[in-house]
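Next comes target16.cif, a file with mmCIF, C-alpha atoms.
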```
data_data
#
loop_
_atom_site.label_atom_id
_atom_site.label_comp_id
_atom_site.auth_asym_id
_atom_site.auth_seq_id
_atom_site.Cartn_x
_atom_site.Cartn_y
_atom_site.Cartn_z
CA MET A 1 18.83 18.42 -9.39
CA LEU A 2 16.79 15.55 -8.04
CA ALA A 3 15.07 16.26 -4.73
CA ALA A 4 16.21 14.44 -1.63
CA VAL A 5 12.86 12.77 -1.08
CA VAL A 6 12.89 9.22 -2.41
CA VAL A 7 10.23 6.77 -1.27
CA VAL A 8 11.12 3.08 -1.55
CA VAL A 9 8.72 0.44 -0.30
CA PHE A 10 8.84 -3.36 -0.31
CA ALA A 11 5.95 -5.81 -0.14
CA VAL A 12 6.39 -8.84 2.11
CA SER A 13 6.04 -12.36 0.76
CA PRO A 14 2.88 -14.39 1.41
CA SER A 15 2.54 -17.18 3.93
CA PRO A 16 0.09 -20.10 3.78
CA GLU A 17 0.38 -20.94 7.48
CA PHE A 18 -2.60 -19.03 8.87
CA SER A 19 -6.13 -18.79 7.55
CA VAL A 20 -8.54 -15.89 7.90
CA PRO A 21 -11.89 -15.44 6.16
CA PRO A 22 -11.58 -13.89 2.69
CA ILE A 23 -12.26 -10.15 2.68
CA SER A 24 -12.80 -8.07 -0.39
CA GLU A 25 -14.11 -4.84 -1.76
CA ARG A 26 -13.72 -5.38 -5.44
CA PRO A 27 -13.62 -2.38 -7.77
CA ALA A 28 -16.27 -2.27 -10.42
CA ALA A 29 -15.21 -3.49 -13.84
CA PRO A 30 -14.19 -0.60 -16.08
CA LYS A 31 -16.71 0.40 -18.73
CA ALA A 32 -13.99 0.26 -21.35
CA GLN A 33 -10.51 -1.20 -21.33
CA PRO A 34 -7.74 1.41 -21.11
CA GLN A 35 -6.15 2.16 -24.48
CA SER A 36 -2.82 0.39 -24.77
CA THR A 37 -0.21 -0.04 -27.45
CA GLY A 38 2.57 -2.54 -27.63
CA SER A 39 3.26 -6.23 -27.36
CA ALA A 40 3.35 -9.02 -24.82
CA ARG A 41 6.86 -7.85 -23.95
CA ILE A 42 6.44 -4.05 -23.70
CA CYS A 43 3.20 -2.11 -23.50
CA ASP A 44 2.30 1.55 -22.96
CA THR A 45 -0.89 3.08 -21.60
CA ALA A 46 -1.64 6.65 -20.58
CA ASN A 47 -0.06 6.19 -17.15
CA PHE A 48 2.13 3.10 -17.39
CA ARG A 49 4.92 1.46 -19.35
CA VAL A 50 5.04 -2.25 -18.57
CA GLU A 51 8.09 -4.35 -19.36
CA SER A 52 7.49 -8.04 -18.86
CA HIS A 53 10.39 -10.49 -18.61
CA SER A 54 8.07 -13.39 -17.85
CA SER A 55 6.32 -15.58 -20.39
CA ARG A 56 3.55 -16.02 -17.80
CA CYS A 57 2.60 -12.31 -17.81
CA ASP A 58 1.51 -10.49 -20.95
CA ALA A 59 2.54 -6.84 -20.66
CA ARG A 60 -0.74 -5.72 -22.24
CA THR A 61 -2.80 -7.51 -19.60
CA VAL A 62 -0.63 -6.17 -16.80
CA ALA A 63 -0.87 -2.62 -18.17
CA ASP A 64 -4.67 -2.77 -18.30
CA ARG A 65 -4.73 -4.14 -14.76
CA CYS A 66 -2.51 -1.28 -13.59
CA GLU A 67 -4.89 1.29 -15.06
CA THR A 68 -7.86 -0.38 -13.37
CA TRP A 69 -6.05 -0.50 -10.03
CA ARG A 70 -5.00 3.16 -10.32
CA LYS A 71 -8.56 4.30 -10.95
CA HIS A 72 -9.95 2.24 -8.09
CA LEU A 73 -7.30 3.38 -5.60
CA GLN A 74 -7.72 7.03 -6.52
CA LEU A 75 -11.45 6.77 -5.90
CA LYS A 76 -10.89 5.06 -2.56
CA TRP A 77 -8.06 7.11 -1.05
CA LEU A 78 -8.21 10.45 -2.90
CA GLY A 79 -11.98 10.69 -3.30
CA ALA A 80 -12.05 10.94 -7.08
CA GLU A 81 -10.43 9.56 -10.18
CA SER A 82 -7.87 12.05 -11.48
CA SER A 83 -8.60 13.60 -14.86
CA GLU A 84 -4.87 14.15 -15.33
CA THR A 85 -2.47 11.47 -16.50
CA TRP A 86 0.78 10.94 -14.67
CA SER A 87 3.30 13.20 -16.40
CA ALA A 88 6.00 10.84 -15.19
CA ARG A 89 4.57 7.58 -16.50
CA CYS A 90 5.06 4.69 -14.06
CA VAL A 91 7.47 2.04 -15.29
CA VAL A 92 6.39 -1.43 -14.16
CA VAL A 93 8.99 -4.17 -14.58
CA VAL A 94 7.80 -7.77 -14.25
CA HIS A 95 10.56 -10.18 -13.23
CA ALA A 96 10.46 -13.93 -13.80
CA ARG A 97 13.44 -14.72 -11.55
CA ARG A 98 14.36 -13.54 -8.08
CA ALA A 99 17.96 -12.93 -9.14
CA THR A 100 16.99 -10.23 -11.63
CA TYR A 101 14.42 -8.78 -9.23
CA GLN A 102 16.99 -8.43 -6.45
CA ALA A 103 19.54 -7.00 -8.84
CA ALA A 104 17.01 -4.32 -9.77
CA ILE A 105 15.91 -3.30 -6.28
CA GLY A 106 19.08 -3.91 -4.26
CA ARG A 107 19.39 -5.04 -0.67
CA GLY A 108 16.29 -5.63 1.44
CA GLY A 109 14.23 -7.51 -1.10
CA GLU A 110 15.28 -11.06 -0.34
CA GLN A 111 11.84 -12.06 0.97
CA THR A 112 9.69 -9.65 -1.04
CA PHE A 113 7.68 -9.78 -4.24
CA GLY A 114 7.29 -6.07 -4.93
CA SER A 115 9.08 -2.75 -4.60
CA SER A 116 8.09 0.80 -5.53
CA VAL A 117 10.10 3.99 -5.89
CA VAL A 118 8.82 7.55 -6.17
CA LYS A 119 11.23 10.43 -6.80
CA PHE A 120 10.50 14.13 -6.67
CA GLN A 121 11.98 17.23 -8.19
CA GLY A 122 10.61 19.96 -5.96
CA ASP A 123 6.87 19.30 -5.72
CA ARG A 124 6.80 17.50 -9.05
CA THR A 125 7.03 13.73 -9.32
CA SER A 126 9.96 13.00 -11.61
CA ASP A 127 10.01 9.18 -11.54
CA ARG A 128 7.67 6.34 -10.67
CA ARG A 129 8.75 2.72 -10.81
CA ILE A 130 7.42 -0.62 -9.62
CA ASP A 131 9.34 -3.89 -9.75
CA VAL A 132 7.28 -7.04 -9.22
CA LEU A 133 8.33 -10.65 -9.09
CA VAL A 134 6.00 -13.37 -10.35
CA ASP A 135 5.07 -15.38 -7.27
CA PRO A 136 4.97 -19.19 -7.06
CA ALA A 137 1.30 -19.17 -8.06
CA GLY A 138 2.16 -17.31 -11.27
CA THR A 139 0.49 -14.07 -10.18
CA LEU A 140 1.65 -10.53 -9.37
CA SER A 141 0.36 -10.53 -5.81
CA ALA A 142 2.29 -7.38 -4.83
CA LEU A 143 0.93 -5.15 -7.61
CA GLY A 144 -2.01 -3.61 -5.72
CA HIS A 145 0.14 -3.00 -2.64
CA GLU A 146 2.79 -1.10 -4.59
CA LEU A 147 0.27 0.90 -6.62
CA THR A 148 -1.35 2.03 -3.38
CA HIS A 149 1.95 3.62 -2.40
CA LEU A 150 2.12 5.50 -5.69
CA VAL A 151 -1.45 6.75 -5.54
CA ILE A 152 -1.12 7.97 -1.94
CA ALA A 153 2.20 9.65 -2.83
CA ASP A 154 0.23 11.95 -5.16
CA ALA A 155 -1.37 13.51 -2.07
CA PHE A 156 2.05 14.34 -0.59
CA PRO A 157 3.97 16.08 -3.38
CA GLY A 158 7.61 16.49 -2.47
CA GLY A 159 7.14 14.53 0.76
CA GLU A 160 5.79 11.26 2.01
CA PRO A 161 2.98 10.00 4.26
CA PRO A 162 3.74 8.46 7.67
CA ALA A 163 5.14 4.97 7.28
CA TRP A 164 2.37 3.32 9.29
CA ALA A 165 -0.34 4.90 7.13
CA ASN A 166 1.46 4.19 3.89
CA GLU A 167 1.90 0.51 4.72
CA GLY A 168 -1.43 0.12 6.48
CA ALA A 169 -3.35 1.32 3.43
CA ALA A 170 -1.21 -0.78 1.10
CA VAL A 171 -1.79 -3.99 3.09
CA LEU A 172 -5.52 -3.52 2.48
CA ALA A 173 -4.78 -4.13 -1.21
CA ASP A 174 -2.81 -7.31 -0.54
CA SER A 175 -3.89 -10.79 -1.47
CA VAL A 176 -5.67 -12.96 1.09
CA GLU A 177 -2.47 -14.97 1.49
CA LYS A 178 -0.46 -11.92 2.45
CA GLN A 179 -3.15 -10.73 4.81
CA GLN A 180 -3.01 -14.12 6.48
CA LEU A 181 0.63 -13.47 7.30
CA HIS A 182 -0.06 -10.03 8.71
CA LYS A 183 -2.92 -11.24 10.89
CA ARG A 184 -0.75 -14.00 12.29
CA ASP A 185 1.98 -11.50 13.07
CA LEU A 186 -0.47 -9.13 14.76
CA ASP A 187 -1.84 -11.94 16.92
CA GLN A 188 1.68 -13.00 17.88
CA SER A 189 2.65 -9.44 18.76
CA PHE A 190 -0.09 -9.36 21.42
CA ARG A 191 1.04 -12.67 22.89
CA ARG A 192 4.70 -11.61 22.90
CA ARG A 193 3.93 -8.01 23.89
CA THR A 194 5.88 -6.61 20.96
CA PHE A 195 2.94 -4.56 19.68
CA PHE A 196 3.07 -0.77 19.50
CA HIS A 197 1.07 1.75 21.46
CA CYS A 198 -0.85 3.79 18.91
CA ALA A 199 1.09 6.96 19.73
CA GLU A 200 4.39 5.14 19.24
CA LEU A 201 3.30 3.61 15.96
CA MET A 202 1.86 6.79 14.48
CA GLN A 203 4.80 8.95 15.47
CA LEU A 204 7.53 6.68 14.12
CA ALA A 205 9.90 8.68 11.93
CA GLY A 206 10.34 5.70 9.61
CA TYR A 207 10.32 1.94 9.93
CA PRO A 208 11.07 0.10 13.20
CA SER A 209 13.90 -2.31 13.96
CA ALA A 210 13.78 -5.64 12.12
CA ASP A 211 12.43 -7.59 15.11
CA ARG A 212 9.32 -5.38 15.24
CA VAL A 213 8.62 -5.15 11.50
CA PRO A 214 6.03 -7.98 11.53
CA ALA A 215 4.06 -6.27 14.31
CA PHE A 216 4.41 -2.95 12.49
CA TYR A 217 2.77 -4.23 9.29
CA GLY A 218 -0.01 -6.10 11.05
CA GLN A 219 -0.89 -3.28 13.44
CA SER A 220 -0.62 -0.60 10.74
CA ALA A 221 -3.18 -2.45 8.63
CA SER A 222 -5.49 -2.95 11.60
CA LEU A 223 -5.30 0.69 12.69
CA ALA A 224 -5.80 2.04 9.15
CA SER A 225 -8.79 -0.27 8.74
CA PHE A 226 -10.25 0.86 12.05
CA LEU A 227 -10.06 4.54 11.08
CA VAL A 228 -11.55 3.86 7.66
CA THR A 229 -14.35 1.84 9.26
CA ILE A 230 -15.39 4.64 11.61
CA GLY A 231 -14.84 7.56 9.20
CA GLY A 232 -14.73 6.31 5.64
CA SER A 233 -11.72 6.13 3.35
CA GLU A 234 -12.28 9.70 2.13
CA LYS A 235 -11.19 11.08 5.53
CA PHE A 236 -7.96 9.11 5.80
CA VAL A 237 -5.60 11.20 3.67
CA PRO A 238 -6.96 14.59 4.90
CA PHE A 239 -6.52 13.26 8.46
CA LEU A 240 -2.86 12.48 7.75
CA LYS A 241 -2.29 15.95 6.32
CA GLN A 242 -3.94 17.61 9.29
CA ALA A 243 -1.88 15.50 11.66
CA SER A 244 1.28 16.64 9.86
CA ASP A 245 0.29 20.29 10.27
CA HIS A 246 -1.39 20.31 13.69
CA GLY A 247 -0.55 17.02 15.42
CA TYR A 248 -2.44 13.76 15.87
CA ASP A 249 -4.56 14.84 18.84
CA ASN A 250 -6.03 17.74 16.88
CA ALA A 251 -6.47 15.69 13.72
CA LEU A 252 -8.24 12.87 15.57
CA ARG A 253 -10.70 15.32 17.12
CA GLU A 254 -11.44 17.08 13.85
CA SER A 255 -11.64 14.01 11.61
CA TYR A 256 -13.09 11.29 13.84
CA GLY A 257 -14.38 12.92 17.01
CA ILE A 258 -11.73 11.01 18.98
CA GLN A 259 -10.27 13.09 21.81
CA GLY A 260 -6.62 12.38 21.13
CA LEU A 261 -4.21 9.46 21.02
CA ALA A 262 -5.12 8.11 24.47
CA GLU A 263 -8.76 7.69 23.48
CA LEU A 264 -7.73 6.18 20.14
CA GLN A 265 -5.70 3.59 22.05
CA ARG A 266 -8.68 2.67 24.24
CA ARG A 267 -11.09 2.46 21.34
CA TRP A 268 -8.76 0.45 19.14
CA ASN A 269 -7.99 -1.94 22.03
CA GLY A 270 -11.69 -2.44 22.69
CA HIS A 271 -12.48 -2.97 19.03
CA GLN A 272 -9.61 -5.43 18.67
CA SER A 273 -10.50 -7.40 21.80
CA ALA A 274 -14.25 -7.51 21.21
CA THR A 275 -14.13 -8.64 17.60
CA ASN A 276 -10.66 -10.09 17.06
CA ALA A 277 -10.87 -7.54 14.29
CA TRP A 278 -8.99 -7.73 11.07
CA PRO A 279 -9.32 -5.29 8.14
CA LYS A 280 -12.80 -5.38 6.65
CA VAL A 281 -12.25 -2.59 4.14
CA ALA A 282 -9.76 -4.35 1.90
CA THR A 283 -9.22 -3.21 -1.68
CA ALA A 284 -8.81 -6.67 -3.15
CA GLU A 285 -7.48 -7.37 -6.62
CA PRO A 286 -9.73 -5.99 -9.38
#
```

Give the structure from the file, written as structure tokens.
Amino acid sequence: MLAAVVVVVFAVSPSPEFSVPPISERPAAPKAQPQSTGSARICDTANFRVESHSSRCDARTVADRCETWRKHLQLKWLGAESSETWSARCVVVVHARRATYQAAIGRGGEQTFGSSVVKFQGDRTSDRRIDVLVDPAGTLSALGHELTHLVIADAFPGGEPPAWANEGAAVLADSVEKQQLHKRDLDQSFRRRTFFHCAELMQLAGYPSADRVPAFYGQSASLASFLVTIGGSEKFVPFLKQASDHGYDNALRESYGIQGLAELQRRWNGHQSATNAWPKVATAEP
């Protein structure tokens, strides 16, 4: 029987209306291309099966890119590249048209370009799937975002990370255009006073109401970036696990030397105000 835990995540569409300086932390080029077999339409690698329904995206190229992203994200968030392949190979479906993309992912994807699903059977991952829509520029701008969700899910077998952390880390893999949207939304949330207190954001059981979703994504990215900046990416996932077991106040003290959520709020506010900070630890497209 399939476990009750199903993680579904959407990536928001890009916006050209706001400009921020490009930020990147590009993964090193792989020493050798991942071994792949197949055609421009369907291609298999050790960890992925890519099905491309777009003449603009060769499945072999996408599959190699997925392997490179996976390696880079594992090093960043899990501390090491896994020597084990995914027993449930991730199916990546590339859509050329929004109609087929929406038919595949269901309601909620009208403004998105990517969706990921992880299913568990007990503590074992039974299914991994990413659907991506080719964006107007002809690229798969949501691919890194969705793969971040899958890599972080490996650290929470049978469960899921907090929504703010899951989305905050994933936004750091977004394109510059998408990050422009999130920075604009974060700035607007301060002007409109729709932002979250850190304790409220971090203790959300899921996603907020629709009117606060823009602030949620922007602030989640900013807070995740702040914690990675002061403690390194290798502490982020262990911090989340400790918070799940012992609470955020304890986890903040142990991982970052921050004396609880109230101090985190003060420090994040000061950092944000002093620098107009925006994520500087992005995991840009390889």

Could you tell me how far atom CA of Ser222 of chain A lies from atom CA of Val134 of chain A, in Å and to one decimal?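 Computing the Euclidean distance for atom CA of Ser222 of chain A and atom CA of Val134 of chain A yields 26.9 Å.
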
Long-range neighbours of Asp58 of chain A as a list in words, 10 Å cut-off, all atoms listed in the file, 3 positions minimum in chain: Ser39, Ala40, Arg41, Ile42, Cys43, Val50, Glu51, Ser52, His53, Ser54, Ser55, Thr61, Val62, Ala63 and Val94 of chain A

Restricting the calculation to all atoms listed in the file, which member of A:Ser233, A:Thr148, A:Ser82, A:Asn250 is positioned closest to Asp174 of chain A?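 Checking each of A:Ser233, A:Thr148, A:Ser82, A:Asn250 against Asp174 of chain A, counting all atoms listed in the file, the winner is A:Thr148.
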
For each of A:Phe120, A:Phe156, A:Tyr248, A:Phe239, take the minimum atom-to-atom distance to Leu201 of chain A, counting all atoms listed in the file, then give the residue where this is smallest.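 With all atoms listed in the file as the atom set, the closest residue is A:Tyr248.
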
Expanded to explicit residues, what is the PyMOL selection byres ((chain A and resi 230) around 12) for this file, as an MDAnalysis selection string? chainID A and resid 223:229 231:236 252 255:258 264 267:268 271 280:281

Evaluated on this file, the PyMOL selection byres ((chain A and resi 135) around 12) picks out some residues - which ones are they, written as a VMD selection string? chain A and resid 11 to 15 54 56 to 57 94 to 98 101 111 to 114 132 to 134 136 to 143 175 177 to 178

Counting all atoms listed in the file, what is within 10 Å of Asp211 of chain A, bar same-chain residues fewer than 4 positions away, as a list in words?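 Once the nearby chain positions are removed, what remains is Thr194, Ala215 and Phe216 of chain A.
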
Atomic separation - atom CA of Ile105 of chain A relative to atom CA of Asp131 of chain A, Å: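 It comes out at 7.5 Å.
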
Rounded to one decimal in Å, what is the spacing between atom CA of Asp249 of chain A and atom CA of Glu263 of chain A?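 Rounded to one decimal, the two atoms are 9.5 Å apart.
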
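Restricting the calculation to all atoms listed in the file, the smallest distance between Gly206 of chain A and any of A:Gln180, A:Gln265, A:Asn166, A:Ser244 is found for A:Asn166.
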
Counting only C-alpha atoms, figure out which residue out of A:Ala170, A:Ala80, A:Ala88, A:Ala155 gets nearest to Gly218 of chain A.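 So, comparing all the options, the nearest one is A:Ala170.
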
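Checking A:Leu240, A:Leu261, A:Ala205, A:Ala163 one by one against Gln219 of chain A, counting all atoms listed in the file, you find the shortest gap at A:Ala163.
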
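Considering the residues A:Ile130, A:Val117, A:Ile152, A:Cys198 and counting all atoms listed in the file, Val93 of chain A has its shortest atom-to-atom contact with A:Ile130.
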
Set the distance at 12 Å and use all atoms listed in the file: which residues neighbour Pro208 of chain A once local chain neighbours fewer than 4 positions away are removed? I'd like the list as a VMD selection string. chain A and resid 163 to 164 194 to 196 200 to 204 212 to 217 220

Up to 10 Å from (-0.4, 10.1, -4.9) in the file's coordinates: name the residues, counting all atoms listed in the file, as a count of residues only. 21

Apply the PyMOL selection byres ((chain A and resi 90) around 8) to the file shown and report the selected residues as an NGL selection string. :A and (47-49 or 86 or 88-89 or 91-92 or 127-130)

Restricting it to C-alpha atoms, dump the selection as an mmCIF file, in the coordinates of the input.
```cif
data_model
loop_
_atom_site.group_PDB
_atom_site.id
_atom_site.type_symbol
_atom_site.label_atom_id
_atom_site.label_comp_id
_atom_site.auth_asym_id
_atom_site.auth_seq_id
_atom_site.Cartn_x
_atom_site.Cartn_y
_atom_site.Cartn_z
ATOM 1 C CA ASN A 47 -0.060 6.190 -17.150
ATOM 2 C CA PHE A 48 2.130 3.100 -17.390
ATOM 3 C CA ARG A 49 4.920 1.460 -19.350
ATOM 4 C CA TRP A 86 0.780 10.940 -14.670
ATOM 5 C CA ALA A 88 6.000 10.840 -15.190
ATOM 6 C CA ARG A 89 4.570 7.580 -16.500
ATOM 7 C CA VAL A 91 7.470 2.040 -15.290
ATOM 8 C CA VAL A 92 6.390 -1.430 -14.160
ATOM 9 C CA ASP A 127 10.010 9.180 -11.540
ATOM 10 C CA ARG A 128 7.670 6.340 -10.670
ATOM 11 C CA ARG A 129 8.750 2.720 -10.810
ATOM 12 C CA ILE A 130 7.420 -0.620 -9.620
#
```
